[in-house]
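Everything below concerns the one structure shown next.
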Amino acid sequence: MADCNNFYCSCERVFHPDLRDKPIVVLSNNDGCIVARSEESKRLGIKMGVPFYQVRDMIERNDVAVFSSNYNLYGDMSRRVMSMLSSFFPKINIYSIDEAFIDLSEINDIDLLMELSYKAIKSIFKGVGIPVSLGIAPTKTLAKMASVYAKKYKAYKGVCLIDTDEKREKALKLFSIDDVWGIGRQHAKKLNYDGVKTAWDFTLKSESWVRREMSLTGLRTWKELRGEDCIQDEDMPYKKSICTSRSFPNQGLCEIEDVEEAIANFAAMCSKKLREQHTVCKNIGVFAYGSRFRNDLPHNNIFKEVTFDVPTNDMQEIVSHAVRILKESWKLGSYYYKKAGVVAYNITEDNVIQTSLFDTIDRDKHAKLAEAVDAINLRNGHDTVRIAVQGYSGNWHTKNEYISKQYTTNIKDIIVVKV
């Protein structure tokens, strides 16, 4: 498992080297909550998810650098890291923006493996500027655990290897059950109630108990912690629902053109996320509502859904239905909408689609078009090619007072070096 250290903060540091040892936080959409912290910020006691206004005084007192989320920059930096990683390890499976699983089964020499691992993280840091930790173990769950140790303890020099039962047992005894990959919040509460405090405690439970008390995912996690590799790439969980939404600044939006543009962009993003995880959805829902704190403004809440005849991830189809839903639900009047979004659900894999005899869409043609658009946008920048209704007004864009430049994706923001 390759894991980028404090990824969002590390991306900002690449272009602000003066912040190399300074505390940094990154804010969520509309600069609402803290979603990323550097190690220095963690030591100050700044908690993940805390509203920004609650810790503003602490941040100012400690001279903490603050950034709004810059997803274009983070996405491109992730692509660069993964590209360099794949040059050292051809068989990688990208799990998230800052994580990837690596198949090392063909490397049998431990010394060679460690040498290659150190060389990879050193080269990535030199080439991209992002620190990466590697966790190496017989199973994905143990590898993810090892990557935490590699990140936490400097003695590992960025690479933690769990290759013996002795190392595995020691790692499990020191690892909280709450932090184990695959153990959800509800299962963690139940396990704590049953006296399971560490990953090692969990492995001591019988298979029959785990099978009875937990889901199939829980049983797989139990086996993985005991050293049995049973989570294959095709078993990796995909999102069962996808929601793309934004809160709007100030009092919100009241013009249908602005809300329509926002909904079109949210629907396009849902479509993109579906394609990225090779899934399709049967339903989408569109919602918009006003601020519950503004009693001085008239309120009108919108929520309506549609069922597709054939499960889809086609951007044209999803965007057009989302916009139609909004127009059908729109009420005339001075209604201000503070938040809106699109939800895709009833999601299945794209290779098990139940088609319809009366389907009027040429899905092969649409799929090829979507593939071409994705390739163009990957090469030339996010939303270079878009559906017209997505627009360019930006009236619905979120508040981002502290956003950095898009150094790697916008030619206007490229750093100029004067000699």
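Numbering starts fresh at 1 for the residues of each chain in the structure tokens, the chains themselves are lettered A, B, ... in the order given, and ligands are numbered from 1 as they appear.
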If we count only C-alpha atoms and set the cut-off at 10 Å, which residues sit around Asp103 in chain A, ignoring sequence neighbours fewer than 3 positions away in its own chain? Please answer as a ChimeraX atom specification.
/A:1,89-93,100,106-107,136,140
Secondary structure check, strand (DSSP E or B) residues of range 130-321 of chain A, as a PyMOL selection string
chain A and resi 132-136+159-161+176+198+242-247+253+279-289+302-312
What is the CA of Cys243 in chain A to CA of Phe303 in chain A distance in Å?
13.4 Å
Quick one: residues within 12 Å of Asp359 in chain A, only C-alpha atoms, excluding same-chain residues fewer than 6 positions away - as a ChimeraX atom specification?
/A:308-312
Ile263 in chain A: which residues within 8 Å, counting only C-alpha atoms, same-chain residues fewer than 2 positions away excluded, as a list in words?
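Those residues are Val259, Glu260, Glu261, Asn265, Phe266, Ala267, Val286, Val319, Ala322, Val323, Leu326, Ala340, Gly341 and Val342 of chain A.
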Could you write out that same residue set with C-alpha atoms as a PDB file, in the first residue's frame?
ATOM      1  CA  VAL A 259     -29.161  26.772  -9.871  1.00  0.00           C
ATOM      2  CA  GLU A 260     -29.550  24.986 -13.215  1.00  0.00           C
ATOM      3  CA  GLU A 261     -25.862  25.508 -14.007  1.00  0.00           C
ATOM      4  CA  ASN A 265     -22.179  20.435 -12.998  1.00  0.00           C
ATOM      5  CA  PHE A 266     -23.115  18.250 -10.009  1.00  0.00           C
ATOM      6  CA  ALA A 267     -24.771  15.708 -12.318  1.00  0.00           C
ATOM      7  CA  VAL A 286     -32.050  16.302  -7.311  1.00  0.00           C
ATOM      8  CA  VAL A 319     -27.267  15.811 -16.846  1.00  0.00           C
ATOM      9  CA  ALA A 322     -31.200  16.281 -13.605  1.00  0.00           C
ATOM     10  CA  VAL A 323     -31.869  19.616 -15.316  1.00  0.00           C
ATOM     11  CA  LEU A 326     -35.080  20.937 -11.516  1.00  0.00           C
ATOM     12  CA  ALA A 340     -28.236  21.938  -3.867  1.00  0.00           C
ATOM     13  CA  GLY A 341     -26.986  18.646  -5.170  1.00  0.00           C
ATOM     14  CA  VAL A 342     -27.455  15.453  -7.167  1.00  0.00           C
TER      15      VAL A 342
END
State, in Å with one decimal place, the distance from CA of Leu204 in chain A to CA of Cys160 in chain A.
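Distance between the two atoms: 23.8 Å.
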With only C-alpha atoms as the atoms that count, which of A:Gln277, A:Thr217, A:Ser28, A:Asn300 lies nearest to Ser96 in chain A?
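The closest residue to Ser96 in chain A is A:Gln277.
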